[in-house]
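So this one's input-v2.csv, CSV, C-alpha atoms:
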chain,number,residue,atom,x,y,z
A,15,MET,CA,-15.1,-1.0,-14.5
A,16,VAL,CA,-12.4,-1.0,-11.9
A,17,ILE,CA,-10.2,1.9,-10.6
A,18,ALA,CA,-6.7,1.0,-9.6
A,19,GLU,CA,-3.3,2.5,-8.9
A,20,ILE,CA,0.0,0.9,-9.9
A,21,SER,CA,3.4,1.8,-8.6
A,22,VAL,CA,6.6,0.2,-9.8
A,23,VAL,CA,9.9,0.7,-8.1
A,24,PRO,CA,13.3,-0.7,-9.1
A,25,LEU,CA,15.8,-1.4,-6.3
A,26,GLY,CA,19.6,-1.4,-6.3
A,27,THR,CA,19.9,0.8,-9.4
A,28,GLY,CA,22.7,2.9,-8.0
A,29,THR,CA,20.7,6.2,-8.4
A,30,PRO,CA,17.8,7.5,-6.4
A,31,SER,CA,16.1,8.7,-9.6
A,32,VAL,CA,13.6,6.2,-11.1
A,33,SER,CA,11.9,8.3,-13.8
A,34,LYS,CA,13.6,6.4,-16.6
A,35,TYR,CA,12.3,3.1,-15.3
A,36,VAL,CA,8.8,4.5,-14.6
A,37,ALA,CA,8.7,6.2,-18.0
A,38,ARG,CA,9.4,2.8,-19.7
A,39,ALA,CA,6.6,1.3,-17.6
A,40,VAL,CA,4.2,4.0,-18.7
A,41,GLU,CA,5.1,3.5,-22.3
A,42,VAL,CA,4.1,-0.1,-21.9
A,43,LEU,CA,0.8,1.0,-20.4
A,44,GLN,CA,0.2,3.3,-23.3
A,45,GLN,CA,0.2,0.3,-25.6
A,46,GLU,CA,-2.6,-1.4,-23.7
A,47,LYS,CA,-6.1,-1.2,-25.1
A,48,GLY,CA,-9.3,-0.7,-23.2
A,49,ILE,CA,-7.8,1.2,-20.2
A,50,ARG,CA,-7.4,4.9,-19.3
A,51,TYR,CA,-4.7,6.1,-17.1
A,52,GLU,CA,-3.5,9.3,-15.3
A,53,LEU,CA,0.0,10.1,-13.9
A,54,THR,CA,0.1,11.2,-10.2
A,55,ALA,CA,2.9,12.1,-8.0
A,56,MET,CA,2.7,8.7,-6.3
A,57,GLY,CA,1.8,6.3,-9.1
A,58,THR,CA,-0.4,5.8,-12.0
A,59,THR,CA,-4.2,5.6,-11.6
A,60,ILE,CA,-6.0,3.4,-14.1
A,61,GLU,CA,-9.6,2.5,-15.0
A,62,GLY,CA,-10.7,-0.4,-17.0
A,63,ASP,CA,-11.5,-4.1,-16.8
A,64,LEU,CA,-9.9,-5.9,-13.9
A,65,ASP,CA,-8.2,-8.5,-16.1
A,66,LYS,CA,-6.7,-5.8,-18.3
A,67,ILE,CA,-5.5,-3.8,-15.3
A,68,LEU,CA,-3.7,-6.9,-13.8
A,69,MET,CA,-2.2,-7.7,-17.2
A,70,ALA,CA,-1.0,-4.1,-17.6
A,71,ALA,CA,0.5,-4.2,-14.1
A,72,LYS,CA,2.3,-7.4,-14.9
A,73,LYS,CA,3.8,-5.9,-18.1
A,74,MET,CA,4.9,-2.7,-16.3
A,75,HIS,CA,6.5,-4.8,-13.6
A,76,GLU,CA,8.3,-7.0,-16.1
A,77,VAL,CA,9.7,-4.2,-18.2
A,78,LEU,CA,11.7,-2.9,-15.3
A,79,PHE,CA,13.8,-6.1,-15.4
A,80,GLN,CA,14.3,-5.6,-19.1
A,81,GLN,CA,15.7,-2.1,-18.2
A,82,GLY,CA,18.2,-3.8,-15.9
A,83,ALA,CA,16.6,-3.8,-12.5
A,84,ALA,CA,17.6,-6.8,-10.3
A,85,ARG,CA,14.6,-6.3,-8.0
A,86,VAL,CA,11.3,-4.6,-8.5
A,87,LEU,CA,8.6,-3.7,-5.9
A,88,THR,CA,5.2,-3.3,-7.4
A,89,THR,CA,2.1,-2.1,-5.6
A,90,ILE,CA,-1.4,-2.6,-7.1
A,91,ARG,CA,-4.3,-1.0,-5.2
A,92,ILE,CA,-7.7,-2.0,-6.6
A,93,ASP,CA,-11.0,-0.2,-5.9
A,94,ASP,CA,-13.8,-2.3,-7.4
A,95,ARG,CA,-17.3,-1.0,-6.9
A,96,ARG,CA,-20.2,-3.0,-8.5
A,97,ASP,CA,-23.3,-1.3,-7.2
A,98,LYS,CA,-22.8,1.6,-9.7
A,99,ALA,CA,-20.4,2.5,-12.5
A,100,ALA,CA,-17.8,5.1,-11.6
A,101,SER,CA,-14.8,6.4,-13.6
A,102,MET,CA,-11.7,8.0,-12.1
A,103,LYS,CA,-13.2,11.4,-13.0
A,104,ASP,CA,-16.6,10.5,-11.5
A,105,LYS,CA,-14.9,9.5,-8.2
A,106,VAL,CA,-12.9,12.7,-7.9
A,107,ASP,CA,-15.9,14.8,-9.1
A,108,SER,CA,-18.2,13.2,-6.5
A,109,LEU,CA,-15.7,14.1,-3.7
A,110,LYS,CA,-15.4,17.7,-5.0
A,111,ARG,CA,-19.2,18.1,-5.1
A,112,GLU,CA,-19.4,16.9,-1.5
A,113,LEU,CA,-16.7,19.3,-0.5
A,114,ASP,CA,-18.5,22.2,-2.3
A,115,ARG,CA,-21.8,21.3,-0.7
A,116,ARG,CA,-20.3,21.3,2.7
A,117,SER,CA,-18.4,24.6,2.3
A,118,SER,CA,-21.6,26.3,1.1
A,119,GLN,CA,-23.6,25.3,4.2
B,5,MET,CA,10.0,18.3,1.4
B,6,VAL,CA,8.3,15.0,1.2
B,7,ILE,CA,5.7,13.7,-1.2
B,8,ALA,CA,3.1,11.3,0.2
B,9,GLU,CA,-0.3,9.8,-0.4
B,10,ILE,CA,-2.9,9.3,2.2
B,11,SER,CA,-6.0,7.0,1.9
B,12,VAL,CA,-8.6,6.7,4.6
B,13,VAL,CA,-11.3,4.0,4.4
B,14,PRO,CA,-14.2,3.5,6.9
B,15,LEU,CA,-15.3,-0.1,7.4
B,16,GLY,CA,-18.8,-1.4,8.4
B,17,THR,CA,-20.6,1.8,7.5
B,18,GLY,CA,-23.5,0.0,5.8
B,19,THR,CA,-23.0,1.7,2.4
B,20,PRO,CA,-20.3,1.2,-0.2
B,21,SER,CA,-20.1,4.9,-0.7
B,22,VAL,CA,-17.3,6.6,1.3
B,23,SER,CA,-17.3,10.1,-0.2
B,24,LYS,CA,-18.9,11.7,2.9
B,25,TYR,CA,-16.2,10.3,5.1
B,26,VAL,CA,-13.4,11.2,2.7
B,27,ALA,CA,-14.8,14.7,2.2
B,28,ARG,CA,-14.7,15.3,6.0
B,29,ALA,CA,-11.1,14.1,6.0
B,30,VAL,CA,-10.1,16.4,3.2
B,31,GLU,CA,-11.8,19.3,5.1
B,32,VAL,CA,-9.5,18.5,8.0
B,33,LEU,CA,-6.5,18.5,5.6
B,34,GLN,CA,-7.5,21.9,4.2
B,35,GLN,CA,-7.1,23.4,7.6
B,36,GLU,CA,-3.5,22.2,7.9
B,37,LYS,CA,-0.8,24.8,7.2
B,38,GLY,CA,2.4,24.3,5.3
B,39,ILE,CA,1.2,21.5,3.0
B,40,ARG,CA,-0.2,21.2,-0.5
B,41,TYR,CA,-2.5,18.5,-1.6
B,42,GLU,CA,-4.2,17.1,-4.7
B,43,LEU,CA,-7.2,14.7,-4.9
B,44,THR,CA,-6.7,11.6,-7.1
B,45,ALA,CA,-9.0,8.7,-7.8
B,46,MET,CA,-7.2,6.5,-5.3
B,47,GLY,CA,-6.3,8.9,-2.5
B,48,THR,CA,-4.9,12.3,-1.7
B,49,THR,CA,-1.3,13.2,-2.6
B,50,ILE,CA,0.4,15.7,-0.3
B,51,GLU,CA,3.7,17.6,-0.2
B,52,GLY,CA,5.2,19.2,2.8
B,53,ASP,CA,7.3,18.6,5.9
B,54,LEU,CA,7.3,14.9,7.1
B,55,ASP,CA,6.0,15.8,10.6
B,56,LYS,CA,3.2,17.9,9.1
B,57,ILE,CA,2.2,15.1,6.8
B,58,LEU,CA,2.1,12.5,9.6
B,59,MET,CA,0.1,14.9,11.8
B,60,ALA,CA,-2.3,15.6,8.9
B,61,ALA,CA,-2.7,11.8,8.3
B,62,LYS,CA,-3.5,11.3,11.9
B,63,LYS,CA,-6.2,14.0,11.9
B,64,MET,CA,-7.7,12.6,8.7
B,65,HIS,CA,-7.8,9.1,10.3
B,66,GLU,CA,-9.3,10.3,13.6
B,67,VAL,CA,-12.1,12.4,12.0
B,68,LEU,CA,-13.6,9.3,10.5
B,69,PHE,CA,-14.3,8.0,14.0
B,70,GLN,CA,-16.0,11.3,14.8
B,71,GLN,CA,-18.2,10.7,11.7
B,72,GLY,CA,-19.3,7.4,13.2
B,73,ALA,CA,-16.9,4.8,11.7
B,74,ALA,CA,-16.1,1.9,14.1
B,75,ARG,CA,-13.0,0.8,12.1
B,76,VAL,CA,-10.8,2.8,9.9
B,77,LEU,CA,-8.1,1.6,7.5
B,78,THR,CA,-5.5,4.3,6.7
B,79,THR,CA,-2.6,3.9,4.2
B,80,ILE,CA,0.3,6.4,4.2
B,81,ARG,CA,2.8,6.1,1.4
B,82,ILE,CA,5.9,8.4,1.8
B,83,ASP,CA,8.4,9.2,-0.9
B,84,ASP,CA,11.2,11.2,0.7
B,85,ARG,CA,14.1,12.2,-1.5
B,86,ARG,CA,16.9,14.3,0.0
B,87,ASP,CA,19.5,14.5,-2.8
B,88,LYS,CA,17.3,17.1,-4.5
B,89,ALA,CA,14.1,19.1,-3.8
B,90,ALA,CA,11.1,17.9,-5.8
B,91,SER,CA,7.4,19.0,-5.6
B,92,MET,CA,4.5,16.8,-6.7
B,93,LYS,CA,4.3,18.8,-9.9
B,94,ASP,CA,8.1,18.5,-10.5
B,95,LYS,CA,7.8,14.7,-10.1
B,96,VAL,CA,5.0,14.3,-12.6
B,97,ASP,CA,6.6,16.9,-15.0
B,98,SER,CA,9.9,15.0,-14.9
B,99,LEU,CA,8.1,11.8,-15.9
B,100,LYS,CA,6.2,13.6,-18.7
B,101,ARG,CA,9.5,15.1,-20.0
B,102,GLU,CA,11.1,11.7,-20.1
B,103,LEU,CA,8.1,10.3,-21.9
B,104,ASP,CA,8.2,13.2,-24.5
B,105,ARG,CA,11.9,12.7,-25.0
B,106,ARG,CA,11.4,9.0,-25.7
B,107,SER,CA,8.5,9.5,-28.1
B,108,SER,CA,10.4,12.0,-30.1
B,109,GLN,CA,13.4,9.7,-30.6
C,22,MET,CA,9.9,-17.0,-7.2
C,23,VAL,CA,8.1,-13.9,-6.1
C,24,ILE,CA,7.1,-12.8,-2.6
C,25,ALA,CA,3.9,-10.8,-2.3
C,26,GLU,CA,1.2,-9.7,0.1
C,27,ILE,CA,-2.5,-9.6,-0.6
C,28,SER,CA,-5.1,-7.8,1.4
C,29,VAL,CA,-8.8,-7.9,0.5
C,30,VAL,CA,-11.3,-5.6,2.2
C,31,PRO,CA,-15.1,-5.5,1.7
C,32,LEU,CA,-16.8,-2.1,2.0
C,33,GLY,CA,-20.4,-1.3,3.1
C,34,THR,CA,-21.0,-4.6,4.8
C,35,GLY,CA,-22.7,-3.1,7.8
C,36,THR,CA,-20.2,-4.6,10.3
C,37,PRO,CA,-16.6,-3.7,11.1
C,38,SER,CA,-15.7,-7.3,11.2
C,39,VAL,CA,-14.3,-8.7,8.0
C,40,SER,CA,-13.0,-12.1,9.1
C,41,LYS,CA,-15.8,-14.1,7.4
C,42,TYR,CA,-15.0,-12.4,4.1
C,43,VAL,CA,-11.2,-12.8,4.6
C,44,ALA,CA,-11.7,-16.5,5.6
C,45,ARG,CA,-13.5,-17.2,2.4
C,46,ALA,CA,-10.7,-15.5,0.4
C,47,VAL,CA,-8.1,-17.7,2.2
C,48,GLU,CA,-10.1,-20.8,1.4
C,49,VAL,CA,-9.9,-19.8,-2.3
C,50,LEU,CA,-6.1,-19.4,-1.8
C,51,GLN,CA,-5.8,-22.8,-0.2
C,52,GLN,CA,-7.1,-24.4,-3.4
C,53,GLU,CA,-4.4,-22.8,-5.6
C,54,LYS,CA,-1.5,-25.0,-6.5
C,55,GLY,CA,2.2,-24.0,-6.6
C,56,ILE,CA,2.0,-21.3,-4.0
C,57,ARG,CA,2.7,-21.1,-0.3
C,58,TYR,CA,1.1,-18.6,2.0
C,59,GLU,CA,1.2,-17.3,5.6
C,60,LEU,CA,-1.5,-15.3,7.5
C,61,THR,CA,-0.3,-12.1,9.1
C,62,ALA,CA,-2.2,-9.5,11.1
C,63,MET,CA,-2.3,-7.2,8.1
C,64,GLY,CA,-2.8,-9.5,5.1
C,65,THR,CA,-1.6,-12.8,3.6
C,66,THR,CA,2.0,-13.2,2.4
C,67,ILE,CA,2.5,-15.5,-0.5
C,68,GLU,CA,5.4,-17.0,-2.4
C,69,GLY,CA,5.2,-18.5,-5.9
C,70,ASP,CA,5.2,-17.7,-9.6
C,71,LEU,CA,4.1,-14.2,-10.4
C,72,ASP,CA,1.3,-15.3,-12.7
C,73,LYS,CA,-0.1,-17.7,-10.1
C,74,ILE,CA,0.0,-14.9,-7.4
C,75,LEU,CA,-1.9,-12.5,-9.6
C,76,MET,CA,-4.4,-15.2,-10.5
C,77,ALA,CA,-4.8,-16.0,-6.8
C,78,ALA,CA,-5.2,-12.4,-5.9
C,79,LYS,CA,-7.9,-12.0,-8.5
C,80,LYS,CA,-9.8,-15.0,-7.2
C,81,MET,CA,-9.6,-13.8,-3.6
C,82,HIS,CA,-10.9,-10.4,-4.8
C,83,GLU,CA,-13.8,-11.9,-6.8
C,84,VAL,CA,-15.0,-14.2,-4.0
C,85,LEU,CA,-15.8,-11.3,-1.8
C,86,PHE,CA,-18.5,-10.2,-4.3
C,87,GLN,CA,-19.9,-13.7,-4.2
C,88,GLN,CA,-20.1,-13.2,-0.4
C,89,GLY,CA,-22.3,-10.2,-0.9
C,90,ALA,CA,-19.8,-7.3,-0.9
C,91,ALA,CA,-20.8,-4.4,-3.2
C,92,ARG,CA,-17.3,-2.9,-3.2
C,93,VAL,CA,-13.9,-4.5,-2.6
C,94,LEU,CA,-10.5,-2.9,-2.0
C,95,THR,CA,-7.6,-5.2,-2.8
C,96,THR,CA,-4.0,-4.4,-2.3
C,97,ILE,CA,-1.3,-6.5,-3.9
C,98,ARG,CA,2.3,-5.7,-2.9
C,99,ILE,CA,4.9,-7.6,-5.0
C,100,ASP,CA,8.6,-8.1,-4.1
C,101,ASP,CA,10.3,-9.7,-7.1
C,102,ARG,CA,14.1,-10.3,-6.8
C,103,ARG,CA,15.8,-12.0,-9.7
C,104,ASP,CA,19.5,-11.9,-8.7
C,105,LYS,CA,19.0,-14.7,-6.2
C,106,ALA,CA,16.2,-17.0,-5.1
C,107,ALA,CA,14.6,-16.2,-1.7
C,108,SER,CA,11.5,-17.7,0.0
C,109,MET,CA,9.4,-15.9,2.6
C,110,LYS,CA,11.3,-17.8,5.2
C,111,ASP,CA,14.7,-16.9,3.7
C,112,LYS,CA,13.8,-13.3,3.7
C,113,VAL,CA,12.8,-13.1,7.4
C,114,ASP,CA,15.7,-15.4,8.4
C,115,SER,CA,18.2,-13.1,6.6
C,116,LEU,CA,16.8,-10.1,8.5
C,117,LYS,CA,17.0,-12.0,11.8
C,118,ARG,CA,20.6,-13.1,11.1
C,119,GLU,CA,21.5,-9.5,10.4
C,120,LEU,CA,19.9,-8.4,13.7
C,121,ASP,CA,21.7,-11.2,15.6
C,122,ARG,CA,25.0,-10.2,14.1
C,123,ARG,CA,24.5,-6.6,15.1
C,124,SER,CA,23.4,-7.3,18.6
C,125,SER,CA,26.5,-9.5,19.2
C,126,GLN,CA,28.9,-6.8,18.1
D,27,MET,CA,-4.8,-0.3,20.4
D,28,VAL,CA,-4.0,-0.1,16.7
D,29,ILE,CA,-2.5,-2.8,14.4
D,30,ALA,CA,-0.3,-1.5,11.6
D,31,GLU,CA,2.4,-2.6,9.1
D,32,ILE,CA,5.4,-0.6,8.3
D,33,SER,CA,7.7,-1.1,5.3
D,34,VAL,CA,10.8,1.0,4.7
D,35,VAL,CA,12.7,0.8,1.4
D,36,PRO,CA,15.9,2.6,0.4
D,37,LEU,CA,16.3,3.6,-3.2
D,38,GLY,CA,19.5,4.0,-5.2
D,39,THR,CA,21.7,2.0,-2.9
D,40,GLY,CA,23.6,0.2,-5.6
D,41,THR,CA,22.5,-3.3,-4.4
D,42,PRO,CA,19.2,-5.1,-4.5
D,43,SER,CA,19.7,-6.3,-0.9
D,44,VAL,CA,18.1,-4.1,1.7
D,45,SER,CA,18.4,-6.3,4.8
D,46,LYS,CA,21.1,-4.1,6.4
D,47,TYR,CA,18.9,-1.0,6.1
D,48,VAL,CA,15.8,-2.9,7.3
D,49,ALA,CA,17.8,-4.4,10.2
D,50,ARG,CA,18.8,-1.0,11.4
D,51,ALA,CA,15.2,0.2,11.2
D,52,VAL,CA,14.1,-2.8,13.3
D,53,GLU,CA,16.8,-2.0,15.9
D,54,VAL,CA,15.3,1.4,16.2
D,55,LEU,CA,11.9,-0.2,16.6
D,56,GLN,CA,13.2,-2.4,19.4
D,57,GLN,CA,14.1,0.6,21.4
D,58,GLU,CA,10.5,1.9,21.3
D,59,LYS,CA,8.4,1.3,24.4
D,60,GLY,CA,4.7,0.3,24.5
D,61,ILE,CA,4.6,-1.4,21.2
D,62,ARG,CA,4.9,-5.0,20.0
D,63,TYR,CA,6.1,-6.0,16.6
D,64,GLU,CA,6.5,-9.1,14.4
D,65,LEU,CA,8.7,-9.5,11.3
D,66,THR,CA,7.0,-10.7,8.2
D,67,ALA,CA,8.2,-11.3,4.7
D,68,MET,CA,6.8,-8.0,3.4
D,69,GLY,CA,7.2,-5.7,6.4
D,70,THR,CA,6.9,-5.3,10.1
D,71,THR,CA,3.5,-5.6,11.8
D,72,ILE,CA,3.1,-3.6,15.0
D,73,GLU,CA,0.5,-3.2,17.7
D,74,GLY,CA,0.2,-0.3,20.1
D,75,ASP,CA,-1.0,3.3,20.5
D,76,LEU,CA,-1.4,5.2,17.2
D,77,ASP,CA,0.9,8.0,18.2
D,78,LYS,CA,3.6,5.6,19.2
D,79,ILE,CA,3.2,3.7,15.9
D,80,LEU,CA,3.5,6.9,13.9
D,81,MET,CA,6.5,8.0,15.9
D,82,ALA,CA,8.2,4.6,15.5
D,83,ALA,CA,7.5,4.7,11.7
D,84,LYS,CA,9.1,8.1,11.5
D,85,LYS,CA,12.2,6.9,13.3
D,86,MET,CA,12.5,3.8,11.1
D,87,HIS,CA,12.2,6.1,8.1
D,88,GLU,CA,14.8,8.6,9.3
D,89,VAL,CA,17.4,6.0,10.2
D,90,LEU,CA,17.7,4.9,6.6
D,91,PHE,CA,19.0,8.3,5.7
D,92,GLN,CA,21.6,8.0,8.5
D,93,GLN,CA,22.6,4.7,6.9
D,94,GLY,CA,23.3,6.6,3.6
D,95,ALA,CA,20.1,6.3,1.6
D,96,ALA,CA,19.4,9.3,-0.6
D,97,ARG,CA,15.7,8.4,-1.0
D,98,VAL,CA,13.4,6.3,1.2
D,99,LEU,CA,10.0,4.9,0.4
D,100,THR,CA,7.9,4.2,3.6
D,101,THR,CA,4.5,2.6,3.6
D,102,ILE,CA,2.4,2.7,6.8
D,103,ARG,CA,-0.9,0.7,6.8
D,104,ILE,CA,-3.1,1.2,9.8
D,105,ASP,CA,-6.0,-0.9,10.9
D,106,ASP,CA,-7.7,0.9,13.8
D,107,ARG,CA,-10.8,-0.8,15.2
D,108,ARG,CA,-12.6,0.8,18.2
D,109,ASP,CA,-15.7,-1.3,18.7
D,110,LYS,CA,-13.5,-4.0,20.4
D,111,ALA,CA,-9.9,-4.5,21.4
D,112,ALA,CA,-7.9,-6.9,19.2
D,113,SER,CA,-4.2,-7.7,19.2
D,114,MET,CA,-2.2,-8.9,16.2
D,115,LYS,CA,-2.5,-12.4,17.6
D,116,ASP,CA,-6.3,-12.0,18.2
D,117,LYS,CA,-6.8,-11.0,14.6
D,118,VAL,CA,-4.9,-13.9,13.1
D,119,ASP,CA,-6.5,-16.3,15.7
D,120,SER,CA,-10.0,-15.1,14.8
D,121,LEU,CA,-9.3,-15.8,11.1
D,122,LYS,CA,-7.9,-19.2,11.8
D,123,ARG,CA,-10.9,-20.1,14.0
D,124,GLU,CA,-13.2,-19.0,11.2
D,125,LEU,CA,-11.2,-21.2,8.8
D,126,ASP,CA,-11.4,-24.2,11.1
D,127,ARG,CA,-15.1,-23.7,11.6
D,128,ARG,CA,-15.7,-23.7,7.9
D,129,SER,CA,-13.5,-26.7,7.2
D,130,SER,CA,-15.3,-28.8,9.8
D,131,GLN,CA,-18.7,-28.1,8.3
Mind turning this structure into structure tokens?
Amino acid sequence: MVIAEISVVPLGTGTPSVSKYVARAVEVLQQEKGIRYELTAMGTTIEGDLDKILMAAKKMHEVLFQQGAARVLTTIRIDDRRDKAASMKDKVDSLKRELDRRSSQ
Amino acid sequence: MVIAEISVVPLGTGTPSVSKYVARAVEVLQQEKGIRYELTAMGTTIEGDLDKILMAAKKMHEVLFQQGAARVLTTIRIDDRRDKAASMKDKVDSLKRELDRRSSQ
Amino acid sequence: MVIAEISVVPLGTGTPSVSKYVARAVEVLQQEKGIRYELTAMGTTIEGDLDKILMAAKKMHEVLFQQGAARVLTTIRIDDRRDKAASMKDKVDSLKRELDRRSSQ
Amino acid sequence: MVIAEISVVPLGTGTPSVSKYVARAVEVLQQEKGIRYELTAMGTTIEGDLDKILMAAKKMHEVLFQQGAARVLTTIRIDDRRDKAASMKDKVDSLKRELDRRSSQ
């Protein structure tokens, strides 16, 4: 299982607000099977199979053109760890445990 | 107020786990005044003044060398919107409202 | 035609040098048809069809595990402009022309 | 010496072309002392002292607002290696040598 972050940005839309575009991309993501996602202030974090994540990223990217964008910037950041399984929640929990351990020393 | 994401990665540490390094960087962030942060599965999102965010990013980057890293990759993604104020929470809430509005249509 | 940048980073390799890993990833890229690439100091820029770029990125990512990496961070940044065709060279040339125009004013 | 990549993107400008904005940012960069830069198809690579790079990134980011942008997305990717000195050219040359060595085997 891979953890990733996807960010899609339309250029030249005439307004600095992009939430309508991003909402449409998240709707596309909601229809994908076999992945989990979370919305953050800087993108969407996803966990799932690498092929499914890349396919989802492509669909999110494409749907912005269907919404009228002439240019789309998409960033996909992939964190793929194969020595042990880790979900998005595991990864954040592990960091919080380490922070707790340190603050109690 | 600016929203940003900071990710710090040590290279050549001999172990695929980076949580000890990242925890130390988050401790550094916790000591910074005038910013708010949230831990995500792919980095740390931050809101605050741009200068403070860049200073915090630099400190998080530097502390990994103090922890013994020989090479550090740091990514800073900045979303700076000046036509209206928006916190990290506002940004995610705005997206969720748009998703709710669409699903109820 | 899409312009993109791919960066692959192995974690926990025991050495801060990653050029052997990156070289193997570039060799994989060299075998892909229908794309052009350039090496930069911070990644590999690519132009070609979006599907081919995503497929190439996946292969570059996977080959690092075959080289022994236990964890791989891959970043794919996509710039997809559909109102006009532009190669990597066109994009840099356009920027340089704009710089020349300004400096001669 | 640090190697970095800076990308600045204006949102809501009404046109998918961003070269006028990016050109202005590069002009700002040209006035900075103690750094070297190269234009690539996906951003500007820079080498220099970390503080100077962050300062340059901030100025490039700010100048887009002076050009009329209401929202600016800036990405700074930093590769900081302290076990040996390496310029942008060294880094690409090292990769090319590794590729040559492999192709001649």
*Can you list, as a PyMOL selection string, every protein, DNA or RNA residue that comes within 6 Å of Asp63 (chain A) when you count only C-alpha atoms, leaving out same-chain residues fewer than 3 positions away?*
chain A and resi 15-16+66
*asked:* What are the residues of chain C lining chain B at 7 Å or less? Count only C-alpha atoms, and put the answer as a ChimeraX atom specification.
replied: /C:32-37,91-92
Can you spit out the residues from that selection as an mmCIF file, in the frame of the given file, using C-alpha atoms?
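Printed below is part_5.cif as written:
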data_model
loop_
_atom_site.group_PDB
_atom_site.id
_atom_site.type_symbol
_atom_site.label_atom_id
_atom_site.label_comp_id
_atom_site.auth_asym_id
_atom_site.auth_seq_id
_atom_site.Cartn_x
_atom_site.Cartn_y
_atom_site.Cartn_z
ATOM 1 C CA LEU C 32 -16.800 -2.100 2.000
ATOM 2 C CA GLY C 33 -20.400 -1.300 3.100
ATOM 3 C CA THR C 34 -21.000 -4.600 4.800
ATOM 4 C CA GLY C 35 -22.700 -3.100 7.800
ATOM 5 C CA THR C 36 -20.200 -4.600 10.300
ATOM 6 C CA PRO C 37 -16.600 -3.700 11.100
ATOM 7 C CA ALA C 91 -20.800 -4.400 -3.200
ATOM 8 C CA ARG C 92 -17.300 -2.900 -3.200
#
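Residues surrounding region 42-50 of chain A within 6 Å are Ala39, Ile60, Glu61 and Gly62 of chain A [all atoms listed in the file; sequence separation below 3 positions excluded].
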Which polymer residues have any atom within 9 Å of an atom of Val34 (chain D), counting only C-alpha atoms, with same-chain residues fewer than 2 positions away left out, as a tab-separated table (two decimals) with C-alpha atoms, keeping the file's coordinate frame?
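Just written: around.tsv:
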chain	number	residue	atom	x	y	z
D	32	ILE	CA	5.40	-0.60	8.30
D	36	PRO	CA	15.90	2.60	0.40
D	47	TYR	CA	18.90	-1.00	6.10
D	48	VAL	CA	15.80	-2.90	7.30
D	51	ALA	CA	15.20	0.20	11.20
D	69	GLY	CA	7.20	-5.70	6.40
D	83	ALA	CA	7.50	4.70	11.70
D	86	MET	CA	12.50	3.80	11.10
D	87	HIS	CA	12.20	6.10	8.10
D	90	LEU	CA	17.70	4.90	6.60
D	98	VAL	CA	13.40	6.30	1.20
D	99	LEU	CA	10.00	4.90	0.40
D	100	THR	CA	7.90	4.20	3.60
D	101	THR	CA	4.50	2.60	3.60
D	102	ILE	CA	2.40	2.70	6.80
_Rounded to one decimal, what separation in Å do you get between CA of Arg111 (chain A) and CA of Leu43 (chain B)?_
12.5 Å
*Gap from CA of Lys110 (chain D) to CA of Arg81 (chain B) - Å, one decimal*: 27.0 Å
*Contacts of Ser98 (chain B) at 12 Å or less, counting only C-alpha atoms, minus same-chain residues fewer than 3 places along, as JSON, numbers by chain?*
{"A": [31, 32, 33, 34, 36, 37, 53, 54, 55], "B": [90, 91, 92, 93, 94, 95, 101, 102, 103, 104, 105]}
Selected residues written out, C-alpha atoms, as a tab-separated table (two decimals), in the frame of the given file:
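The result, written out as part05.tsv:
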chain	number	residue	atom	x	y	z
A	31	SER	CA	16.10	8.70	-9.60
A	32	VAL	CA	13.60	6.20	-11.10
A	33	SER	CA	11.90	8.30	-13.80
A	34	LYS	CA	13.60	6.40	-16.60
A	36	VAL	CA	8.80	4.50	-14.60
A	37	ALA	CA	8.70	6.20	-18.00
A	53	LEU	CA	0.00	10.10	-13.90
A	54	THR	CA	0.10	11.20	-10.20
A	55	ALA	CA	2.90	12.10	-8.00
B	90	ALA	CA	11.10	17.90	-5.80
B	91	SER	CA	7.40	19.00	-5.60
B	92	MET	CA	4.50	16.80	-6.70
B	93	LYS	CA	4.30	18.80	-9.90
B	94	ASP	CA	8.10	18.50	-10.50
B	95	LYS	CA	7.80	14.70	-10.10
B	101	ARG	CA	9.50	15.10	-20.00
B	102	GLU	CA	11.10	11.70	-20.10
B	103	LEU	CA	8.10	10.30	-21.90
B	104	ASP	CA	8.20	13.20	-24.50
B	105	ARG	CA	11.90	12.70	-25.00
*Would you work out the distance separating CA of Thr48 (chain B) from CA of Glu9 (chain B), expressed in Å to one decimal?*
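Result for CA of Thr48 (chain B) versus CA of Glu9 (chain B): 5.4 Å, one decimal.
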